[in-house]
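Visitor: I am sharing upload01.csv, which consists of CSV, C-alpha atoms and all ligand atoms:
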chain,number,residue,atom,x,y,z
P,9,MET,CA,-84.8,50.6,-88.6
P,10,ASN,CA,-81.8,50.5,-90.9
P,11,ALA,CA,-80.0,53.9,-90.7
P,12,LEU,CA,-77.9,52.9,-93.8
P,13,GLU,CA,-80.9,51.9,-95.9
P,14,GLN,CA,-80.0,54.4,-98.6
P,15,ARG,CA,-77.0,52.2,-99.5
P,16,LEU,CA,-79.4,49.6,-100.8
P,17,ASP,CA,-81.0,49.9,-104.2
P,18,TYR,CA,-84.7,49.5,-104.6
P,19,PRO,CA,-85.2,48.9,-108.3
P,20,PHE,CA,-89.0,49.3,-108.1
P,21,GLY,CA,-88.8,52.5,-106.0
P,22,ASP,CA,-91.9,53.0,-103.9
P,23,THR,CA,-94.1,50.9,-106.2
P,24,LEU,CA,-96.0,48.3,-104.3
P,25,PRO,CA,-98.5,45.7,-105.6
P,26,ALA,CA,-102.0,46.8,-104.7
P,27,PRO,CA,-104.1,44.4,-102.5
P,28,GLY,CA,-105.3,41.5,-104.7
P,29,ASP,CA,-102.9,42.5,-107.5
P,30,THR,CA,-99.4,41.2,-108.4
P,31,LEU,CA,-96.3,42.9,-109.7
P,32,GLU,CA,-93.7,41.1,-111.9
P,33,VAL,CA,-90.3,41.5,-110.4
P,34,ALA,CA,-88.4,39.0,-112.5
P,35,PRO,CA,-89.4,36.8,-115.5
P,36,GLY,CA,-92.2,34.5,-114.2
P,37,VAL,CA,-91.9,35.8,-110.6
P,38,ARG,CA,-94.7,38.0,-109.2
P,39,TRP,CA,-94.9,39.9,-106.0
P,40,ILE,CA,-97.9,39.7,-103.7
P,41,ARG,CA,-98.2,42.0,-100.6
P,42,MET,CA,-100.7,41.3,-97.8
P,43,ALA,CA,-101.6,43.2,-94.7
P,44,LEU,CA,-100.7,41.9,-91.2
P,45,PRO,CA,-102.5,43.1,-88.1
P,46,PHE,CA,-99.2,43.7,-86.2
P,47,GLN,CA,-96.6,46.4,-85.8
P,48,LEU,CA,-95.0,44.6,-88.8
P,49,ASP,CA,-97.9,45.5,-91.0
P,50,HIS,CA,-97.3,43.5,-94.2
P,51,ILE,CA,-95.8,40.4,-95.7
P,52,ASN,CA,-94.5,39.7,-99.2
P,53,LEU,CA,-95.5,36.5,-100.9
P,54,TRP,CA,-94.4,35.2,-104.3
P,55,LEU,CA,-96.2,33.7,-107.2
P,56,LEU,CA,-94.0,31.8,-109.7
P,57,ARG,CA,-95.2,30.5,-113.1
P,58,ASP,CA,-94.6,26.8,-113.1
P,59,ARG,CA,-95.2,23.5,-114.9
P,60,ILE,CA,-95.3,20.3,-113.0
P,61,ASP,CA,-96.0,16.8,-114.4
P,62,GLY,CA,-97.1,18.3,-117.7
P,63,ARG,CA,-99.6,20.7,-116.0
P,64,ASP,CA,-99.2,24.5,-116.3
P,65,GLY,CA,-99.9,26.5,-113.2
P,66,TRP,CA,-98.2,28.4,-110.4
P,67,THR,CA,-96.1,27.8,-107.3
P,68,VAL,CA,-96.7,30.1,-104.4
P,69,ILE,CA,-94.1,30.9,-101.8
P,70,ASP,CA,-95.5,31.7,-98.3
P,71,THR,CA,-99.2,32.3,-97.5
P,72,CYS,CA,-100.0,35.0,-94.8
P,73,ILE,CA,-101.8,34.3,-91.5
P,74,SER,CA,-105.1,32.6,-91.7
P,75,ARG,CA,-107.9,35.2,-91.5
P,76,ASP,CA,-110.8,36.4,-93.6
P,77,GLU,CA,-108.9,39.4,-95.0
P,78,SER,CA,-106.0,37.3,-96.3
P,79,LYS,CA,-108.3,34.6,-97.8
P,80,ALA,CA,-110.4,37.3,-99.6
P,81,GLN,CA,-107.2,38.7,-101.1
P,82,TRP,CA,-106.2,35.3,-102.2
P,83,GLU,CA,-109.6,34.8,-103.8
P,84,THR,CA,-109.1,38.0,-105.8
P,85,ILE,CA,-105.7,36.7,-106.9
P,86,PHE,CA,-107.1,33.4,-107.9
P,87,SER,CA,-109.7,35.0,-110.1
P,88,THR,CA,-107.6,37.8,-111.6
P,89,GLN,CA,-103.9,36.9,-111.5
P,90,LEU,CA,-103.6,33.2,-112.4
P,91,ALA,CA,-104.5,33.3,-116.1
P,92,GLY,CA,-107.1,30.6,-115.4
P,93,LEU,CA,-104.3,28.2,-114.2
P,94,PRO,CA,-104.2,26.3,-110.9
P,95,ILE,CA,-101.8,26.5,-108.0
P,96,LEU,CA,-99.7,23.4,-108.3
P,97,ARG,CA,-97.4,23.7,-105.3
P,98,VAL,CA,-97.2,25.7,-102.0
P,99,ILE,CA,-93.7,26.4,-100.7
P,100,VAL,CA,-93.3,27.7,-97.2
P,101,THR,CA,-89.9,29.2,-96.2
P,102,HIS,CA,-90.5,28.6,-92.5
P,103,MET,CA,-93.2,27.9,-89.9
P,104,HIS,CA,-93.9,31.3,-88.5
P,105,PRO,CA,-97.7,32.2,-88.7
P,106,ASP,CA,-97.4,34.9,-91.4
P,107,HIS,CA,-95.7,32.4,-93.7
P,108,MET,CA,-97.6,29.2,-92.7
P,109,GLY,CA,-101.1,30.4,-91.8
P,110,ASN,CA,-103.0,29.7,-95.1
P,111,ALA,CA,-100.8,26.8,-96.2
P,112,ALA,CA,-103.3,24.1,-95.3
P,113,TRP,CA,-106.2,26.1,-96.8
P,114,LEU,CA,-104.3,26.6,-100.1
P,115,CYS,CA,-103.1,23.0,-100.3
P,116,GLU,CA,-106.6,21.7,-99.7
P,117,ARG,CA,-108.3,24.1,-102.1
P,118,TRP,CA,-105.9,23.4,-105.0
P,119,ASN,CA,-105.0,19.8,-104.0
P,120,ALA,CA,-101.4,21.0,-104.0
P,121,PRO,CA,-98.5,19.7,-102.0
P,122,LEU,CA,-96.8,21.6,-99.3
P,123,TRP,CA,-93.0,21.9,-99.6
P,124,ILE,CA,-91.2,22.9,-96.4
P,125,SER,CA,-88.2,21.8,-94.3
P,126,ALA,CA,-88.9,18.8,-92.2
P,127,THR,CA,-88.0,20.6,-89.0
P,128,ASP,CA,-90.4,23.5,-89.6
P,129,TYR,CA,-93.1,21.1,-90.7
P,130,ASN,CA,-92.9,19.2,-87.5
P,131,VAL,CA,-92.6,22.2,-85.2
P,132,ALA,CA,-95.6,23.8,-87.0
P,133,ARG,CA,-97.6,20.6,-86.4
P,134,LEU,CA,-96.7,20.6,-82.7
P,135,ALA,CA,-97.5,24.4,-82.4
P,136,THR,CA,-101.0,24.0,-84.0
P,137,LEU,CA,-101.7,21.4,-81.3
P,138,ASN,CA,-100.4,23.8,-78.7
P,139,MET,CA,-97.6,21.4,-77.8
P,140,SER,CA,-94.9,24.0,-78.5
P,141,ALA,CA,-94.1,27.3,-77.0
P,142,PHE,CA,-95.1,30.9,-77.8
P,143,GLY,CA,-97.1,31.2,-74.6
P,144,GLY,CA,-98.4,29.4,-71.5
P,145,GLU,CA,-96.7,28.3,-68.3
P,146,HIS,CA,-93.3,27.2,-69.8
P,147,SER,CA,-93.1,30.5,-71.7
P,148,ALA,CA,-93.9,32.5,-68.5
P,149,ASN,CA,-91.3,30.6,-66.5
P,150,PHE,CA,-88.7,31.2,-69.2
P,151,PHE,CA,-89.3,35.0,-69.2
P,152,ALA,CA,-89.2,35.0,-65.4
P,153,ALA,CA,-85.9,33.2,-65.3
P,154,ASN,CA,-84.6,35.9,-67.6
P,155,GLY,CA,-85.6,38.7,-65.4
P,156,LEU,CA,-89.2,39.6,-66.4
P,157,VAL,CA,-90.8,40.1,-62.9
P,158,ASP,CA,-93.9,42.2,-63.7
P,159,PRO,CA,-96.7,39.9,-62.5
P,160,ASP,CA,-99.2,41.4,-64.9
P,161,SER,CA,-97.0,40.7,-67.9
P,162,LEU,CA,-96.3,37.2,-66.7
P,163,ALA,CA,-100.0,36.5,-66.2
P,164,LYS,CA,-100.7,37.6,-69.8
P,165,ILE,CA,-97.9,35.4,-71.2
P,166,ARG,CA,-99.3,32.5,-69.1
P,167,ALA,CA,-102.7,33.1,-70.5
P,168,ARG,CA,-101.5,33.3,-74.1
P,169,VAL,CA,-102.1,29.7,-74.9
P,170,ASN,CA,-103.7,29.9,-78.3
P,171,TYR,CA,-101.2,32.2,-80.0
P,172,TYR,CA,-100.0,30.0,-82.9
P,173,PRO,CA,-103.2,28.1,-83.6
P,174,SER,CA,-105.2,31.3,-83.8
P,175,MET,CA,-103.1,32.2,-86.9
P,176,VAL,CA,-102.3,28.7,-88.2
P,177,PRO,CA,-105.4,26.7,-87.5
P,178,SER,CA,-104.1,23.6,-89.2
P,179,VAL,CA,-101.1,22.1,-91.1
P,180,PRO,CA,-101.4,19.7,-94.1
P,181,ASP,CA,-101.2,16.0,-93.3
P,182,THR,CA,-98.3,15.5,-95.6
P,183,PHE,CA,-95.3,17.4,-96.9
P,184,ARG,CA,-92.4,17.3,-99.2
P,185,ARG,CA,-89.1,18.0,-97.6
P,186,MET,CA,-86.8,20.8,-98.7
P,187,GLN,CA,-83.2,20.8,-97.4
P,188,ASP,CA,-80.0,22.7,-97.9
P,189,GLY,CA,-78.6,22.2,-101.4
P,190,ASP,CA,-81.7,20.7,-102.9
P,191,VAL,CA,-82.4,22.0,-106.4
P,192,ILE,CA,-86.0,22.6,-107.2
P,193,ARG,CA,-87.2,23.1,-110.8
P,194,ILE,CA,-89.7,25.9,-110.9
P,195,GLY,CA,-91.0,27.1,-114.3
P,196,GLY,CA,-88.1,25.5,-116.1
P,197,ARG,CA,-85.5,27.1,-113.9
P,198,ASP,CA,-83.4,25.7,-111.1
P,199,TRP,CA,-83.8,27.2,-107.6
P,200,ARG,CA,-81.4,26.1,-104.9
P,201,CYS,CA,-82.4,25.7,-101.3
P,202,ILE,CA,-80.3,27.6,-98.8
P,203,SER,CA,-81.0,26.6,-95.2
P,204,GLY,CA,-80.8,29.3,-92.4
P,205,TYR,CA,-80.8,29.1,-88.7
P,206,GLY,CA,-81.4,31.4,-85.7
P,207,HIS,CA,-84.7,32.8,-86.8
P,208,ALA,CA,-86.8,29.7,-87.4
P,209,PRO,CA,-86.0,26.0,-86.8
P,210,GLU,CA,-84.8,25.4,-90.4
P,211,HIS,CA,-85.6,28.3,-92.7
P,212,ILE,CA,-85.2,27.7,-96.4
P,213,ALA,CA,-84.4,30.5,-98.8
P,214,LEU,CA,-84.4,29.9,-102.6
P,215,TYR,CA,-81.8,31.2,-105.1
P,216,CYS,CA,-82.1,31.1,-108.9
P,217,ASP,CA,-78.8,31.6,-110.6
P,218,GLU,CA,-80.4,32.0,-114.0
P,219,LEU,CA,-82.3,35.0,-112.8
P,220,HIS,CA,-79.9,36.1,-110.0
P,221,VAL,CA,-82.9,36.2,-107.7
P,222,LEU,CA,-82.9,35.3,-104.1
P,223,VAL,CA,-86.2,34.6,-102.3
P,224,SER,CA,-84.7,35.3,-98.8
P,225,GLY,CA,-87.8,34.8,-96.6
P,226,ASP,CA,-87.0,36.4,-93.2
P,227,MET,CA,-83.3,35.6,-93.4
P,228,MET,CA,-82.4,38.8,-95.2
P,229,LEU,CA,-84.5,41.9,-94.7
P,230,PRO,CA,-83.6,45.4,-95.9
P,231,ARG,CA,-85.1,47.7,-93.3
P,232,ILE,CA,-85.5,45.8,-90.1
P,233,SER,CA,-83.1,43.2,-88.6
P,234,THR,CA,-84.5,39.7,-88.5
P,235,ASN,CA,-85.7,38.6,-85.1
P,236,VAL,CA,-83.2,36.3,-83.5
P,237,SER,CA,-84.5,34.9,-80.2
P,238,VAL,CA,-83.8,32.3,-77.6
P,239,HIS,CA,-87.1,30.5,-77.0
P,240,ASP,CA,-88.4,28.7,-73.9
P,241,ILE,CA,-88.4,25.3,-75.8
P,242,GLU,CA,-84.7,25.6,-76.4
P,243,PRO,CA,-83.5,27.8,-73.5
P,244,GLU,CA,-79.7,27.3,-74.0
P,245,SER,CA,-79.5,28.0,-77.7
P,246,ASN,CA,-77.2,30.4,-79.5
P,247,PRO,CA,-79.4,31.7,-82.3
P,248,LEU,CA,-77.4,34.9,-82.9
P,249,GLN,CA,-74.3,33.0,-83.9
P,250,GLN,CA,-76.4,30.7,-86.0
P,251,PHE,CA,-78.0,33.6,-87.8
P,252,LEU,CA,-74.7,35.4,-88.5
P,253,ASP,CA,-73.2,32.1,-89.8
P,254,SER,CA,-76.3,31.6,-92.0
P,255,ILE,CA,-76.4,35.0,-93.7
P,256,ASP,CA,-72.7,34.4,-94.7
P,257,LYS,CA,-74.0,31.6,-96.9
P,258,PHE,CA,-75.5,34.3,-99.1
P,259,ALA,CA,-72.1,35.9,-99.6
P,260,PRO,CA,-71.0,33.8,-102.6
P,261,LEU,CA,-74.1,35.0,-104.6
P,262,PRO,CA,-73.5,37.6,-107.3
P,263,ALA,CA,-73.3,41.3,-106.5
P,264,ASP,CA,-76.3,42.1,-108.7
P,265,THR,CA,-78.6,39.5,-106.9
P,266,LEU,CA,-82.1,40.8,-106.6
P,267,THR,CA,-83.2,39.9,-103.1
P,268,LEU,CA,-86.9,39.3,-102.5
P,269,PRO,CA,-87.5,39.7,-98.7
P,270,SER,CA,-90.6,38.8,-96.8
P,271,HIS,CA,-90.9,42.3,-95.3
P,272,GLY,CA,-89.9,45.5,-97.0
P,273,LYS,CA,-89.2,45.9,-100.7
P,274,PRO,CA,-87.1,43.9,-103.3
P,275,PHE,CA,-83.6,45.2,-103.2
P,276,ARG,CA,-80.1,45.0,-104.6
P,277,GLY,CA,-77.1,45.3,-102.3
P,278,LEU,CA,-77.1,41.9,-100.7
P,279,HIS,CA,-73.5,42.1,-99.7
P,280,GLU,CA,-73.8,45.6,-98.2
P,281,ARG,CA,-76.8,44.3,-96.1
P,282,ILE,CA,-74.8,41.2,-94.9
P,283,THR,CA,-72.1,43.6,-93.7
P,284,GLN,CA,-74.7,46.0,-92.1
P,285,LEU,CA,-76.2,43.1,-90.1
P,286,HIS,CA,-72.8,41.9,-88.9
P,287,ASP,CA,-72.0,45.5,-87.9
P,288,HIS,CA,-75.4,46.0,-86.2
P,289,HIS,CA,-75.1,42.8,-84.0
P,290,ARG,CA,-71.4,43.5,-83.3
P,291,ASP,CA,-72.3,46.9,-81.9
P,292,ARG,CA,-75.2,45.5,-79.8
P,293,LEU,CA,-72.8,42.8,-78.4
P,294,ALA,CA,-70.3,45.4,-77.5
P,295,GLU,CA,-72.9,47.5,-75.7
P,296,VAL,CA,-74.1,44.5,-73.7
P,297,LEU,CA,-70.5,43.4,-72.9
P,298,GLN,CA,-69.7,46.9,-71.7
P,299,ALA,CA,-72.8,47.1,-69.5
P,300,SER,CA,-72.0,43.8,-68.0
P,301,ALA,CA,-68.7,45.2,-66.6
P,302,THR,CA,-70.8,47.4,-64.2
P,303,SER,CA,-73.2,44.8,-62.9
P,304,PRO,CA,-74.4,41.3,-63.9
P,305,LEU,CA,-77.1,41.5,-66.5
P,306,SER,CA,-80.4,39.5,-66.8
P,307,GLY,CA,-82.1,39.2,-70.2
P,308,PHE,CA,-84.5,41.9,-69.0
P,309,ASP,CA,-81.6,44.2,-68.2
P,310,ALA,CA,-80.0,43.5,-71.6
P,311,MET,CA,-83.3,44.3,-73.3
P,312,GLY,CA,-83.2,47.8,-71.8
P,313,ILE,CA,-79.7,48.3,-73.3
P,314,ILE,CA,-80.5,47.0,-76.8
P,315,PHE,CA,-84.0,48.4,-77.1
P,316,LYS,CA,-84.2,52.0,-75.9
P,317,ARG,CA,-87.8,52.6,-76.7
P,318,ALA,CA,-91.0,51.7,-74.9
P,319,LEU,CA,-92.3,48.2,-75.9
P,320,ASP,CA,-95.8,46.7,-75.5
P,321,LEU,CA,-96.0,43.1,-74.1
P,322,HIS,CA,-96.0,41.5,-77.6
P,323,GLN,CA,-92.8,43.4,-78.5
P,324,THR,CA,-91.3,42.8,-75.1
P,325,THR,CA,-91.5,39.0,-75.6
P,326,PHE,CA,-89.7,39.3,-78.9
P,327,ALA,CA,-87.2,41.8,-77.5
P,328,MET,CA,-86.4,39.7,-74.5
P,329,GLY,CA,-85.8,36.7,-76.7
P,330,GLU,CA,-83.4,38.8,-78.7
P,331,ALA,CA,-81.7,40.2,-75.7
P,332,VAL,CA,-81.1,36.7,-74.3
P,333,ALA,CA,-79.7,35.8,-77.7
P,334,HIS,CA,-77.1,38.5,-77.4
P,335,LEU,CA,-76.2,37.4,-73.9
P,336,HIS,CA,-75.9,33.8,-75.1
P,337,ALA,CA,-73.7,34.7,-78.0
P,338,LEU,CA,-71.2,36.3,-75.5
P,339,TRP,CA,-71.7,33.4,-73.1
P,340,PHE,CA,-70.9,30.8,-75.8
P,341,THR,CA,-67.7,32.6,-76.7
P,342,GLY,CA,-66.7,32.6,-73.1
P,343,GLN,CA,-66.8,36.4,-72.7
P,344,LEU,CA,-69.7,36.1,-70.2
P,345,ASP,CA,-70.3,33.7,-67.4
P,346,ARG,CA,-73.8,33.1,-66.0
P,347,ALA,CA,-75.2,32.2,-62.6
P,348,LYS,CA,-78.7,32.0,-61.1
P,349,ASP,CA,-79.3,34.6,-58.4
P,350,ALA,CA,-81.4,34.0,-55.2
P,351,ALA,CA,-84.6,34.8,-57.1
P,352,GLY,CA,-83.9,32.2,-59.8
P,353,VAL,CA,-82.9,34.7,-62.5
P,354,TRP,CA,-80.0,34.1,-64.8
P,355,ARG,CA,-77.4,36.8,-64.5
P,356,PHE,CA,-74.5,37.2,-66.9
P,357,SER,CA,-71.2,38.8,-65.9
P,358,ARG,CA,-67.8,39.3,-67.4
P,359,ALA,CA,-66.0,35.9,-67.5
P,360,ALA,CA,-63.1,35.7,-65.0
P,361,ALA,CA,-60.5,35.3,-67.6
P,362,THR,CA,-61.6,38.5,-69.4
P,363,ALA,CA,-61.9,40.5,-66.2
P,364,THR,CA,-58.3,39.8,-65.2
P,365,GLN,CA,-56.9,40.8,-68.6
P,366,PRO,CA,-55.3,44.3,-68.6
P,367,SER,CA,-57.5,46.8,-70.3
P,368,SER,CA,-56.0,48.3,-73.4
P,369,THR,CA,-58.7,50.9,-74.1
A,1,ZN,ZN,-90.3,34.6,-89.5
Would it be possible to restate this file's structure as structure tokens?

Guide:
Amino acid sequence: MNALEQRLDYPFGDTLPAPGDTLEVAPGVRWIRMALPFQLDHINLWLLRDRIDGRDGWTVIDTCISRDESKAQWETIFSTQLAGLPILRVIVTHMHPDHMGNAAWLCERWNAPLWISATDYNVARLATLNMSAFGGEHSANFFAANGLVDPDSLAKIRARVNYYPSMVPSVPDTFRRMQDGDVIRIGGRDWRCISGYGHAPEHIALYCDELHVLVSGDMMLPRISTNVSVHDIEPESNPLQQFLDSIDKFAPLPADTLTLPSHGKPFRGLHERITQLHDHHRDRLAEVLQASATSPLSGFDAMGIIFKRALDLHQTTFAMGEAVAHLHALWFTGQLDRAKDAAGVWRFSRAAATATQPSST
């Protein structure tokens, strides 16, 4: 939770769109909110008035996980919110289930194309075929190598083999690529693609300078900090640095930019939030670095330092990924070294050069 949330401005206050309803947040841009059956209990989706190839209709951005409840809510929107016009295009900011889940269903139903980054399209395809991570043997081995030893937890991760396909049963056969700097015409206005890394393979946010509106996806959230995890498929990655570099790409946007996040409420105060996120991660990095002076840390140890509350298994897998991300950020800058212990667990300790420096504090 963001302790400095009051420094952000929520222009719509506590008003939320009711299920099956939409709320206009900028000219031609409508807010849809759908429930999620997780701790993170909702996602925001966006409906933009559009005209493509001479046809009037709508572009949707993000789709919710595939399940009966979300499809029923979409049906209500189709019959009450589209002014009798079709959905012409489905944009997905990134491949995570809450964004991608209904994409194939929407594209098929409306004969509409999917627009997404090539990286996320391909990872989503692999994940629906269970050829990517999020569970199974590789995932369990990754968590074990980062210090998760509880056999029961490891058995559950090993057994979690249908995680992604259960929420994203299929992906459209074709897609149209979005990449950094592309300008997409939506409803007669230009929207610029801004790529972001560290949260998803190649997340695309969209900014409209005419409206001063940023559809930030998961790359800029007002209340919670975006999950930034090392995953088993790319076990030596540095996603925290990628994330911090990516949010700096929003810094040139105007001060009065209205940010439309995937979770939480539309807000102003983008630059304040960029600073808050840098501060937040800098503090977590400092805590981890300090703890490493006492004894070498596994990812599991670092999780206990960063997340001080009790976590269920689902939260633990996210929190472990995030803890390893903090260790790796310090490892990449040379502040930590790593070595595997006798049990095969990576342990990160103060780098020799740092340890021999005289302490000034
Ligand atoms: Zn996401």

Visitor: For a quick check of understanding, using only C-alpha atoms and all ligand atoms, which of P:His207, P:Arg200, P:Arg63, P:Arg168 has the smallest distance to ligand ZN 1 (chain A)?

Guide: P:His207

Visitor: For ligand ZN 1 (chain A), which of P:Asp226, P:Asp64, P:Glu145, P:Asp345 is the closest residue, counting all atoms listed in the file?

Guide: P:Asp226

Visitor: Between P:Ala120, P:Leu137, P:Glu13, P:Asp29, single out the one closest to Phe86 of chain P, counting all atoms listed in the file.

Guide: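 Counting all atoms listed in the file, the residue closest to Phe86 of chain P is P:Asp29.
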
Visitor: For ligand ZN 1 (chain A), return the neighbouring residues as a PyMOL selection string (distance at most 12 Å; only C-alpha atoms and all ligand atoms).

Guide: chain P and resi 48+51-52+70+72-73+100-109+128+204-213+224-229+233-237+269-271+326

Visitor: Fewer than 3 positions away in the same chain doesn't count, so skip those; otherwise give me all residues within 10 Å of Val37 of chain P, counting only C-alpha atoms, as a ChimeraX atom specification.

Guide: /P:30-34,40,54-58,66-68,195,219,221

Visitor: Residues within 12 Å of Leu261 of chain P, please, as a PyMOL selection string. Count all atoms listed in the file; anything in the same chain fewer than 5 positions from it doesn't count.

Guide: chain P and resi 200+202+214-222+255-256+266-267+276-279+282

Visitor: Considering all atoms listed in the file, can you say which of P:Phe356, P:Phe150, P:Phe258, P:Phe275 comes closest to Ala310 of chain P?

Guide: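 Result for the nearest residue to Ala310 of chain P: P:Phe356.
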
Visitor: How many Å separate atom CA of Leu24 of chain P from atom CA of His50 of chain P?

Guide: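 Answer for the atom CA of Leu24 of chain P to atom CA of His50 of chain P separation: 11.3 Å.
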